[in-house]
Each structure stands twice: as structure tokens, then as C-alpha cells.
>>> print(open('entry00.pdb').read())   # PDB, C-alpha atoms
ATOM      1  CA  MET A  65     -20.842 -11.574 -43.961
ATOM      2  CA  GLU A  66     -18.299  -9.021 -42.774
ATOM      3  CA  ARG A  67     -17.928  -5.976 -44.991
ATOM      4  CA  VAL A  68     -14.399  -4.692 -45.637
ATOM      5  CA  VAL A  69     -14.114  -0.960 -46.384
ATOM      6  CA  ASP A  70     -10.872   0.379 -47.861
ATOM      7  CA  ALA A  71     -11.679   4.024 -47.192
ATOM      8  CA  PRO A  72     -14.526   5.974 -45.619
ATOM      9  CA  GLU A  73     -17.154   7.243 -48.019
ATOM     10  CA  PRO A  74     -17.779  11.004 -48.392
ATOM     11  CA  THR A  75     -20.627  12.464 -46.420
ATOM     12  CA  PRO A  76     -22.636  15.616 -47.148
ATOM     13  CA  ASN A  77     -21.119  17.317 -44.117
ATOM     14  CA  THR A  78     -17.526  17.123 -45.357
ATOM     15  CA  PRO A  79     -16.167  20.045 -47.395
ATOM     16  CA  ASN A  80     -15.459  19.347 -51.091
ATOM     17  CA  GLY A  81     -16.833  15.883 -50.664
ATOM     18  CA  ARG A  82     -13.760  14.810 -48.750
ATOM     19  CA  CYS A  83     -13.999  12.750 -45.613
ATOM     20  CA  HIS A  84     -11.972  13.938 -42.648
ATOM     21  CA  MET A  85     -10.887  11.096 -40.362
ATOM     22  CA  THR A  86     -10.118  11.728 -36.691
ATOM     23  CA  ILE A  87      -7.583   9.399 -35.107
ATOM     24  CA  THR A  88      -7.451   9.296 -31.342
ATOM     25  CA  PRO A  89      -3.990   8.212 -30.220
ATOM     26  CA  VAL A  90      -3.725   5.807 -27.307
ATOM     27  CA  ARG A  91      -1.385   6.659 -24.474
ATOM     28  CA  PRO A  92       1.025   3.849 -23.612
ATOM     29  CA  SER A  93       1.175   2.653 -20.021
ATOM     30  CA  CYS A  94       3.437   4.615 -17.712
ATOM     31  CA  THR A  95       6.920   3.106 -17.548
ATOM     32  CA  ARG A  96       7.179   3.497 -13.789
ATOM     33  CA  GLY A  97       7.580   0.604 -11.408
ATOM     34  CA  PRO A  98       4.745  -0.582  -9.158
ATOM     35  CA  LEU A  99       4.318   0.644  -5.597
ATOM     36  CA  ILE A 100       3.442  -2.321  -3.368
ATOM     37  CA  SER A 101       2.795  -2.500   0.352
ATOM     38  CA  ALA A 102       2.930  -5.455   2.724
ATOM     39  CA  GLU A 103       0.462  -5.026   5.577
ATOM     40  CA  GLY A 104      -0.562  -7.002   8.609
ATOM     41  CA  LEU A 105      -0.611  -7.323  12.352
ATOM     42  CA  ASN A 106       2.582  -7.716  14.377
ATOM     43  CA  GLY A 107       3.595 -11.367  14.356
ATOM     44  CA  VAL A 108       1.713 -12.554  11.255
ATOM     45  CA  GLY A 109       5.017 -13.023   9.422
ATOM     46  CA  LYS A 110       4.547 -10.453   6.661
ATOM     47  CA  THR A 111       8.196  -9.358   6.669
ATOM     48  CA  TYR A 112       9.553 -12.909   6.742
ATOM     49  CA  LEU A 113       7.217 -14.146   4.003
ATOM     50  CA  THR A 114       7.720 -11.074   1.818
ATOM     51  CA  ASN A 115      11.513 -11.270   2.088
ATOM     52  CA  ARG A 116      11.444 -14.947   1.131
ATOM     53  CA  ALA A 117       9.205 -14.171  -1.837
ATOM     54  CA  VAL A 118      11.474 -11.370  -3.037
ATOM     55  CA  GLU A 119      14.549 -13.613  -2.864
ATOM     56  CA  ALA A 120      13.043 -15.720  -5.650
ATOM     57  CA  LEU A 121      12.634 -12.765  -8.027
ATOM     58  CA  ASP A 122      15.144 -12.024 -10.781
ATOM     59  CA  ASP A 123      14.409  -8.290 -10.685
ATOM     60  CA  GLN A 124      14.838  -7.321  -7.057
ATOM     61  CA  PRO A 125      12.457  -4.602  -5.830
ATOM     62  CA  LEU A 126      13.529  -1.881  -3.450
ATOM     63  CA  MET A 127      12.506  -2.920   0.070
ATOM     64  CA  LEU A 128      11.426  -0.084   2.366
ATOM     65  CA  ASP A 129      11.509  -1.227   5.994
ATOM     66  CA  GLU A 130       8.478  -0.840   8.218
ATOM     67  CA  PHE A 131       8.682   1.506  11.206
ATOM     68  CA  SER A 132       9.501  -1.154  13.802
ATOM     69  CA  GLN A 133      12.545  -2.380  11.858
ATOM     70  CA  ARG A 134      14.200   0.948  11.206
ATOM     71  CA  ALA A 135      17.380   1.792  13.054
ATOM     72  CA  ASP A 136      17.134   4.701  15.442
ATOM     73  CA  GLY A 137      19.908   6.449  13.558
ATOM     74  CA  ARG A 138      18.198   6.355  10.146
ATOM     75  CA  PRO A 139      19.014   9.709   8.523
ATOM     76  CA  GLY A 140      16.542  12.121   7.004
ATOM     77  CA  LEU A 141      13.320  13.880   7.943
ATOM     78  CA  GLY A 142      11.319  10.632   8.120
ATOM     79  CA  GLY A 143      13.766   9.165  10.621
ATOM     80  CA  ALA A 144      13.686  12.305  12.762
ATOM     81  CA  LEU A 145       9.883  12.292  12.870
ATOM     82  CA  LEU A 146       9.839   8.609  13.762
ATOM     83  CA  ARG A 147      12.359   9.083  16.581
ATOM     84  CA  SER A 148      10.216  11.877  18.024
ATOM     85  CA  LEU A 149       7.134   9.682  17.903
ATOM     86  CA  ARG A 150       8.930   6.779  19.571
ATOM     87  CA  GLU A 151      10.107   9.015  22.375
ATOM     88  CA  ALA A 152       6.580  10.331  22.897
ATOM     89  CA  CYS A 153       5.181   6.783  22.933
ATOM     90  CA  ALA A 154       7.662   5.669  25.620
ATOM     91  CA  GLY A 155       8.665   2.495  23.783
ATOM     92  CA  ASP A 156       5.166   1.186  23.077
ATOM     93  CA  PRO A 157       5.514  -1.586  20.429
ATOM     94  CA  PHE A 158       2.535  -0.178  18.497
ATOM     95  CA  LEU A 159       3.676   3.455  18.685
ATOM     96  CA  LEU A 160       0.643   4.361  20.782
ATOM     97  CA  GLY A 161       1.074   7.594  22.686
ATOM     98  CA  GLY A 162      -2.474   8.498  23.698
ATOM     99  CA  THR A 163      -3.266  11.040  20.958
ATOM    100  CA  PRO A 164      -4.544   8.888  18.052
ATOM    101  CA  MET A 165      -5.351  11.640  15.526
ATOM    102  CA  THR A 166      -2.078  13.483  16.076
ATOM    103  CA  GLU A 167      -0.212  10.200  15.726
ATOM    104  CA  ALA A 168      -2.195   9.355  12.580
ATOM    105  CA  LEU A 169      -1.225  12.618  10.891
ATOM    106  CA  LEU A 170       2.407  12.267  11.930
ATOM    107  CA  LEU A 171       2.595   8.677  10.627
ATOM    108  CA  MET A 172       0.984   9.754   7.363
ATOM    109  CA  ALA A 173       3.590  12.498   7.046
ATOM    110  CA  ILE A 174       6.323   9.873   7.450
ATOM    111  CA  LYS A 175       4.712   7.734   4.740
ATOM    112  CA  ARG A 176       4.607  10.761   2.439
ATOM    113  CA  HIS A 177       8.298  11.266   3.114
ATOM    114  CA  ASP A 178       8.908   7.593   2.305
ATOM    115  CA  LEU A 179       7.200   8.026  -1.055
ATOM    116  CA  ASP A 180       9.288  11.088  -1.863
ATOM    117  CA  THR A 181      12.481   9.103  -1.285
ATOM    118  CA  VAL A 182      11.543   6.298  -3.709
ATOM    119  CA  ILE A 183      10.231   8.343  -6.652
ATOM    120  CA  PRO A 184      13.608   8.023  -8.479
ATOM    121  CA  ASP A 185      13.406   4.216  -8.207
ATOM    122  CA  LEU A 186       9.792   4.113  -9.370
ATOM    123  CA  SER A 187      10.628   6.480 -12.245
ATOM    124  CA  GLY A 188      13.370   4.106 -13.356
ATOM    125  CA  GLY A 189      10.898   1.241 -13.591
ATOM    126  CA  ARG A 190      11.873  -0.502 -10.354
ATOM    127  CA  ALA A 191       9.265  -2.034  -8.072
ATOM    128  CA  VAL A 192       9.138  -0.692  -4.522
ATOM    129  CA  VAL A 193       7.766  -2.720  -1.603
ATOM    130  CA  GLU A 194       6.783  -0.727   1.487
ATOM    131  CA  GLY A 195       6.843  -2.633   4.746
ATOM    132  CA  ARG A 196       3.479  -1.273   5.834
ATOM    133  CA  SER A 197       2.026   1.823   4.266
ATOM    134  CA  VAL A 198      -0.847   4.138   5.168
ATOM    135  CA  ASP A 199      -3.206   1.170   5.622
ATOM    136  CA  THR A 200      -1.605   0.170   8.916
ATOM    137  CA  THR A 201      -1.859   3.740  10.163
ATOM    138  CA  ALA A 202      -5.541   3.905   9.234
ATOM    139  CA  VAL A 203      -6.371   0.573  10.879
ATOM    140  CA  CYS A 204      -4.429   1.048  14.105
ATOM    141  CA  GLN A 205      -5.537   4.621  14.741
ATOM    142  CA  ALA A 206      -9.159   3.746  13.960
ATOM    143  CA  VAL A 207      -9.068   0.985  16.583
ATOM    144  CA  LEU A 208      -7.683   3.444  19.135
ATOM    145  CA  LEU A 209     -10.332   6.026  18.303
ATOM    146  CA  HIS A 210     -13.196   3.513  18.496
ATOM    147  CA  PRO A 211     -12.361   0.621  20.834
ATOM    148  CA  ASP A 212     -15.169  -1.930  21.135
ATOM    149  CA  ASP A 213     -17.065  -0.341  18.215
ATOM    150  CA  PRO A 214     -16.197  -2.281  15.022
ATOM    151  CA  GLY A 215     -18.623  -0.355  12.814
ATOM    152  CA  ALA A 216     -17.273   3.060  13.764
ATOM    153  CA  ALA A 217     -13.690   1.775  13.504
ATOM    154  CA  LEU A 218     -14.269   0.557   9.926
ATOM    155  CA  GLU A 219     -15.848   3.857   8.918
ATOM    156  CA  THR A 220     -12.957   5.802  10.435
ATOM    157  CA  ALA A 221     -10.283   3.583   8.877
ATOM    158  CA  VAL A 222     -11.784   4.122   5.412
ATOM    159  CA  ALA A 223     -12.017   7.866   6.070
ATOM    160  CA  LEU A 224      -8.368   7.985   7.175
ATOM    161  CA  LEU A 225      -7.318   6.183   3.992
ATOM    162  CA  ASP A 226      -9.294   8.726   1.991
ATOM    163  CA  LEU A 227      -7.486  11.503   3.858
ATOM    164  CA  ALA A 228      -4.097   9.904   3.189
ATOM    165  CA  SER A 229      -4.920   9.510  -0.506
ATOM    166  CA  SER A 230      -5.576  13.251  -0.781
ATOM    167  CA  TYR A 231      -1.872  14.029  -0.503
ATOM    168  CA  ARG A 232      -0.077  10.858  -1.624
ATOM    169  CA  PRO A 233      -1.075   8.040  -3.995
ATOM    170  CA  LEU A 234      -2.091   4.786  -2.357
ATOM    171  CA  PRO A 235      -0.096   1.653  -3.273
ATOM    172  CA  ASP A 236      -0.922  -0.020  -6.583
ATOM    173  CA  LEU A 237      -1.070  -3.338  -4.758
ATOM    174  CA  THR A 238      -1.510  -4.060  -1.055
ATOM    175  CA  ILE A 239      -0.677  -7.550   0.221
ATOM    176  CA  LEU A 240      -2.332  -8.257   3.554
ATOM    177  CA  VAL A 241      -0.947 -11.159   5.574
ATOM    178  CA  THR A 242      -3.385 -12.270   8.258
ATOM    179  CA  ASP A 243      -3.657 -15.026  10.844
ATOM    180  CA  ASP A 244      -5.373 -15.847  14.097
ATOM    181  CA  ALA A 245      -4.619 -12.932  16.425
ATOM    182  CA  SER A 246      -3.532 -15.191  19.297
ATOM    183  CA  GLU A 247      -1.011 -16.969  17.081
ATOM    184  CA  ALA A 248       0.350 -13.629  15.897
ATOM    185  CA  ARG A 249       0.668 -12.433  19.487
ATOM    186  CA  VAL A 250       2.682 -15.508  20.473
ATOM    187  CA  ARG A 251       5.098 -14.982  17.562
ATOM    188  CA  ALA A 252       5.455 -11.265  18.266
ATOM    189  CA  GLN A 253       6.142 -11.811  21.966
ATOM    190  CA  ARG A 254       8.751 -14.453  21.194
ATOM    191  CA  ARG A 255      10.414 -12.286  18.563
ATOM    192  CA  ASP A 256      10.459  -9.126  20.691
ATOM    193  CA  GLU A 257      11.182 -10.962  23.957
ATOM    194  CA  ARG A 258       8.348  -9.234  25.763
ATOM    195  CA  VAL A 259       4.888  -9.980  27.115
ATOM    196  CA  PHE A 260       2.094  -7.770  25.870
ATOM    197  CA  THR A 261      -0.325  -6.257  28.340
ATOM    198  CA  ARG A 262      -3.995  -7.172  28.353
ATOM    199  CA  GLU A 263      -4.797  -3.876  26.596
ATOM    200  CA  GLN A 264      -2.167  -4.513  23.926
ATOM    201  CA  ALA A 265      -3.506  -8.035  23.351
ATOM    202  CA  MET A 266      -7.033  -6.640  22.940
ATOM    203  CA  PHE A 267      -5.710  -4.017  20.535
ATOM    204  CA  MET A 268      -4.116  -6.760  18.414
ATOM    205  CA  ARG A 269      -7.376  -8.737  18.227
ATOM    206  CA  GLU A 270      -9.382  -5.720  17.144
ATOM    207  CA  ALA A 271      -6.754  -4.586  14.627
ATOM    208  CA  CYS A 272      -6.544  -8.067  13.111
ATOM    209  CA  THR A 273     -10.292  -8.112  12.473
ATOM    210  CA  LEU A 274     -10.331  -4.548  11.144
ATOM    211  CA  PHE A 275      -7.492  -5.245   8.691
ATOM    212  CA  GLU A 276      -9.596  -7.957   7.077
ATOM    213  CA  ARG A 277     -12.721  -5.789   6.975
ATOM    214  CA  VAL A 278     -10.851  -2.876   5.380
ATOM    215  CA  ALA A 279      -9.355  -5.213   2.765
ATOM    216  CA  ALA A 280     -12.858  -6.333   1.809
ATOM    217  CA  THR A 281     -13.813  -2.718   0.983
ATOM    218  CA  ASP A 282     -11.159  -2.476  -1.761
ATOM    219  CA  PRO A 283     -10.718  -5.867  -3.477
ATOM    220  CA  GLY A 284      -9.156  -4.204  -6.502
ATOM    221  CA  ARG A 285      -6.119  -3.124  -4.488
ATOM    222  CA  TYR A 286      -5.872  -5.756  -1.773
ATOM    223  CA  ARG A 287      -4.638  -9.338  -2.029
ATOM    224  CA  VAL A 288      -4.971 -11.429   1.142
ATOM    225  CA  VAL A 289      -2.739 -14.234   2.401
ATOM    226  CA  ASP A 290      -4.541 -16.049   5.221
ATOM    227  CA  ARG A 291      -2.058 -18.218   7.115
ATOM    228  CA  ARG A 292      -4.948 -20.179   8.579
ATOM    229  CA  LEU A 293      -5.659 -21.473   5.083
ATOM    230  CA  MET A 294      -2.224 -21.958   3.507
ATOM    231  CA  ASP A 295       1.191 -23.139   4.617
ATOM    232  CA  GLU A 296       4.415 -21.162   4.476
ATOM    233  CA  ARG A 297       5.510 -22.416   1.066
ATOM    234  CA  GLU A 298       2.150 -21.593  -0.501
ATOM    235  CA  ALA A 299       2.132 -18.157   1.089
ATOM    236  CA  VAL A 300       5.616 -17.315  -0.194
ATOM    237  CA  GLU A 301       4.788 -18.473  -3.716
ATOM    238  CA  GLN A 302       1.553 -16.496  -3.771
ATOM    239  CA  ILE A 303       3.255 -13.305  -2.620
ATOM    240  CA  ARG A 304       6.014 -13.799  -5.190
ATOM    241  CA  ALA A 305       3.475 -14.180  -7.982
ATOM    242  CA  TRP A 306       1.585 -11.057  -6.942
ATOM    243  CA  ILE A 307       4.730  -8.929  -6.776
ATOM    244  CA  GLN A 308       5.979 -10.266 -10.091
ATOM    245  CA  GLY A 309       2.679  -9.510 -11.803
ATOM    246  CA  ALA A 310       2.194  -6.028 -10.370
ATOM    247  CA  GLY A 311       4.158  -4.148 -13.003
ATOM    248  CA  GLY A 312       1.832  -4.475 -15.979
ATOM    249  CA  ASP A 313      -0.349  -1.689 -17.404
ATOM    250  CA  LEU A 314       0.281   0.911 -14.713
ATOM    251  CA  GLY A 315      -1.278   4.317 -14.943
ATOM    252  CA  CYS A 316       0.529   7.536 -14.176
ATOM    253  CA  MET A 317       1.114   8.473 -10.537
ATOM    254  CA  VAL A 318      -0.025  12.015  -9.883
ATOM    255  CA  GLU A 319      -0.135  14.354  -6.925
ATOM    256  CA  PRO A 320      -3.753  14.037  -5.721
ATOM    257  CA  TRP A 321      -3.862  17.584  -4.373
ATOM    258  CA  GLN A 322      -2.942  19.065  -7.775
ATOM    259  CA  GLY A 323      -6.223  17.978  -9.340
ATOM    260  CA  PRO A 324      -7.062  16.654 -12.837
ATOM    261  CA  GLY A 325      -4.377  17.063 -15.461
ATOM    262  CA  ALA A 326      -1.453  17.034 -13.016
ATOM    263  CA  PRO A 327       1.795  15.682 -14.479
ATOM    264  CA  CYS A 328       2.903  12.195 -13.552
ATOM    265  CA  MET A 329       5.371  12.149 -10.673
ATOM    266  CA  CYS A 330       7.417   9.535 -12.544
ATOM    267  CA  CYS A 331       7.160  10.036 -16.328
ATOM    268  CA  GLY A 332       6.144  13.695 -16.406
ATOM    269  CA  HIS A 333       3.182  13.224 -18.757
ATOM    270  CA  ARG A 334      -0.012  15.085 -17.977
ATOM    271  CA  ALA A 335      -2.985  12.887 -17.298
ATOM    272  CA  ASP A 336      -5.318  14.928 -19.532
ATOM    273  CA  VAL A 337      -2.954  15.190 -22.500
ATOM    274  CA  VAL A 338      -2.605  12.324 -24.952
ATOM    275  CA  PRO A 339       0.531  12.577 -27.141
ATOM    276  CA  THR A 340      -0.106  12.642 -30.893
TER     277      THR A 340
END
>>> encode(input="entry00.pdb", output="C-alpha cells")
Amino acid sequence: MERVVDAPEPTPNTPNGRCHMTITPVRPSCTRGPLISAEGLNGVGKTYLTNRAVEALDDQPLMLDEFSQRADGRPGLGGALLRSLREACAGDPFLLGGTPMTEALLLMAIKRHDLDTVIPDLSGGRAVVEGRSVDTTAVCQAVLLHPDDPGAALETAVALLDLASSYRPLPDLTILVTDDASEARVRAQRRDERVFTREQAMFMREACTLFERVAATDPGRYRVVDRRLMDEREAVEQIRAWIQGAGGDLGCMVEPWQGPGAPCMCCGHRADVVPT
């Protein structure tokens, strides 16, 4: 039988026989919006599927275009850095210029700039969907650093993500759209009206495999849409459901480099202080 106690009984350790109760307040979830990224190889259809999914939502998230879709004249520091990288890569569709680590750091800087620009939207409770985030940078540069060595590429991709997370929070949710690499290549060539070189085709195959292996290392953050297993309608509905459900019970977003107790970038609360 359950015992119901109206008040705590005095204990010998309490002064004057009075019991002192300690109440630990519970911090409510941060009111910020979720940060979501859509990742995947060129030609898998991540942008098309994500845009279709978003169209069905009542509360429209802010859509942040991926690098390949941004106009050359996009203003701001991020746009200037991207233009410089494109010029150095001589029009390569994968932004490959021959210096993988330099390119990795530059792309991560652009993604940090992207985050800075959307903090006001996140603070207001709006969802933000990045068209590719730091995950694509980690995967692509790891493949370039370790071609034909899947084990070393996976280790490097995870290390690059760890590096990126030291100066900007990773997305709350990462949606990976994947498919057979040859099918993705056909779509990408048709869309871009170009034929990829043998080296570029090999790069796509290795990146496709590495994306899936990286996703398996962090199942708490990743959700995977495999177009080999579901049709377009199912994929769109699944992505819509994930985006719609991403806003519940979010923790504060803090600057990783500021250490424990840093204030939230969105609500301003300190992570180590619970309001009374």
C-alpha cells in the first residue's frame, strides 16, 4: 500500500526540530527554433525533396541555400569567401582545389558565418534548415585526404566534425538523403548539363559510402532517407515529419569554445544556472 505523507517529519539534524526542504527548480526547454541540415551527395535529390517537404508545413522554416545554389553576388562575408574558393577551384562542381585541409577550414568558416546570420531567427523560435552543413565538408575533404582508404577517411571525417563542433554547434537534426551513387551521378550530370570526369565519378562513389558510414556513428543526430528503399512520396512525407518534430525539448545553444556555463546564444540563459 502506498503511503501518503502530508509533510516531512523532523530529523535530529534539523535545527529546532524543523525540517528544511530543498526544492530544485527545473529549467524549461530553450525557446529557440531547431537547427536542421539536409545532407547528401550531388544528385540524390536532397534539395528537391526537402523543398517539397517544407511546402507542406504550416510554419515555414528559414531555408539556407547550399553552396552550389548560391548566387555569385550573394552579399556578406560568407559570399565573399565562397567566391574566392570558387575562383581557386576553377569551377570544379565539388569545390575541389587541391588543398583539402585549407579548403576544409575555409568551408567551416563559411558555415560558422551562416550560423551567425540565422541566430536571430533561431532566437525567435523559427526552424532553420541548412542546405548542407559541416557534415558535407567533413565527408568530402576526408575523401580527398584519404582516397582508396575508407577506414582512414571515416576517422578523418569524424575528427573534422569534432573540430567543427569546437567553434560552432552542430545541427540538432541532420537529414541524410542517399541513393546509389551511379543514379545520383546521372541526375547531377543532367541537372548541371555536364559530364563528370572519371576522377569526379570515383569521388562521388567514395563520398556516398562515407556519408552513410558517418551517419551510422551518430544515430542520435542523423535521420537517413534511402531512395533505394522508398519512393518520392514516402521520402517527402518522412522528411516533413522529421522537420515538424524537431522543435520539441531543445537545449540551449552555446558557444563551444566558451566552455561550461556559457550563456545560450539564443535565450541568454547560462547552462550552469537554473532559475529559481
>>> resolve_selection(input="entry00.pdb", expression="the PyMOL selection byres ((chain A and resi 194-196) around 6)", output="PyMOL selection string")
chain A and resi 101-103+128-130+193+197
>>> closest_residue(input="entry00.pdb", among="A:Val241, A:Ile307, A:Val118, A:Ala228", to="Pro320 (chain A)", atoms="only C-alpha atoms")
A:Ala228
>>> atom_distance(input="entry00.pdb", atom1="CA of Gln302 (chain A)", atom2="CA of Ser246 (chain A)")
23.7 Å
>>> atom_distance(input="entry00.pdb", atom1="CA of Leu274 (chain A)", atom2="CA of Asp256 (chain A)")
23.3 Å
>>> resolve_selection(input="entry00.pdb", expression="the PyMOL selection byres ((chain A and resi 300) around 10)", output="list in words")
Lys110, Tyr112, Leu113, Thr114, Asn115, Arg116, Ala117, Val118, Ala120, Val289, Met294, Asp295, Glu296, Arg297, Glu298, Ala299, Glu301, Gln302, Ile303, Arg304 and Ala305 of chain A
>>> write_last_selection(input="entry00.pdb", atoms="C-alpha atoms", output="CSV table (one decimal), keeping the file's coordinate frame")
chain,number,residue,atom,x,y,z
A,110,LYS,CA,4.5,-10.5,6.7
A,112,TYR,CA,9.6,-12.9,6.7
A,113,LEU,CA,7.2,-14.1,4.0
A,114,THR,CA,7.7,-11.1,1.8
A,115,ASN,CA,11.5,-11.3,2.1
A,116,ARG,CA,11.4,-14.9,1.1
A,117,ALA,CA,9.2,-14.2,-1.8
A,118,VAL,CA,11.5,-11.4,-3.0
A,120,ALA,CA,13.0,-15.7,-5.6
A,289,VAL,CA,-2.7,-14.2,2.4
A,294,MET,CA,-2.2,-22.0,3.5
A,295,ASP,CA,1.2,-23.1,4.6
A,296,GLU,CA,4.4,-21.2,4.5
A,297,ARG,CA,5.5,-22.4,1.1
A,298,GLU,CA,2.2,-21.6,-0.5
A,299,ALA,CA,2.1,-18.2,1.1
A,301,GLU,CA,4.8,-18.5,-3.7
A,302,GLN,CA,1.6,-16.5,-3.8
A,303,ILE,CA,3.3,-13.3,-2.6
A,304,ARG,CA,6.0,-13.8,-5.2
A,305,ALA,CA,3.5,-14.2,-8.0
>>> residues_near_point(input="entry00.pdb", point="(-7.5, -11.2, 7.9)", cutoff="7 Å", atoms="only C-alpha atoms", output="list in words")
Val241, Thr242, Asp243, Cys272, Thr273, Phe275, Glu276 and Asp290 of chain A
>>> atom_distance(input="entry00.pdb", atom1="CA of Val108 (chain A)", atom2="CA of Arg255 (chain A)")
11.4 Å
>>> closest_residue(input="entry00.pdb", among="A:Asp313, A:Asp213, A:Asp180, A:Asp236", to="Met329 (chain A)", atoms="only C-alpha atoms")
A:Asp180
>>> residues_around(input="entry00.pdb", residues="Ala279 (chain A)", least_positions_apart="5", cutoff="12 Å", atoms="only C-alpha atoms", output="PyMOL selection string")
chain A and resi 103-104+199-200+202-203+218+221-222+225+237-242+272-274+284-289
>>> closest_atom_pairs(input="entry00.pdb", of="region 196-232 of chain A", to="region 321-324 of chain A", cutoff="10 Å", atoms="all atoms listed in the file", output="Markdown table")
| residue | atom | partner | partner_atom | distance |
| --- | --- | --- | --- | --- |
| A:Ser229 | CA | A:Trp321 | CA | 9.0 |
| A:Ser230 | CA | A:Trp321 | CA | 5.9 |
| A:Tyr231 | CA | A:Trp321 | CA | 5.6 |
| A:Arg232 | CA | A:Trp321 | CA | 8.2 |
>>> closest_residue(input="entry00.pdb", among="A:Leu146, A:Ala280, A:Ala191, A:Cys328", to="Pro235 (chain A)", atoms="only C-alpha atoms")
A:Ala191
>>> resolve_selection(input="entry00.pdb", expression="the PyMOL selection byres ((chain A and resi 172) around 9)", output="list in words")
Glu167, Ala168, Leu169, Leu170, Leu171, Ala173, Ile174, Lys175, Arg176, His177, Ser197, Val198, Thr201, Ala202 and Ala228 of chain A
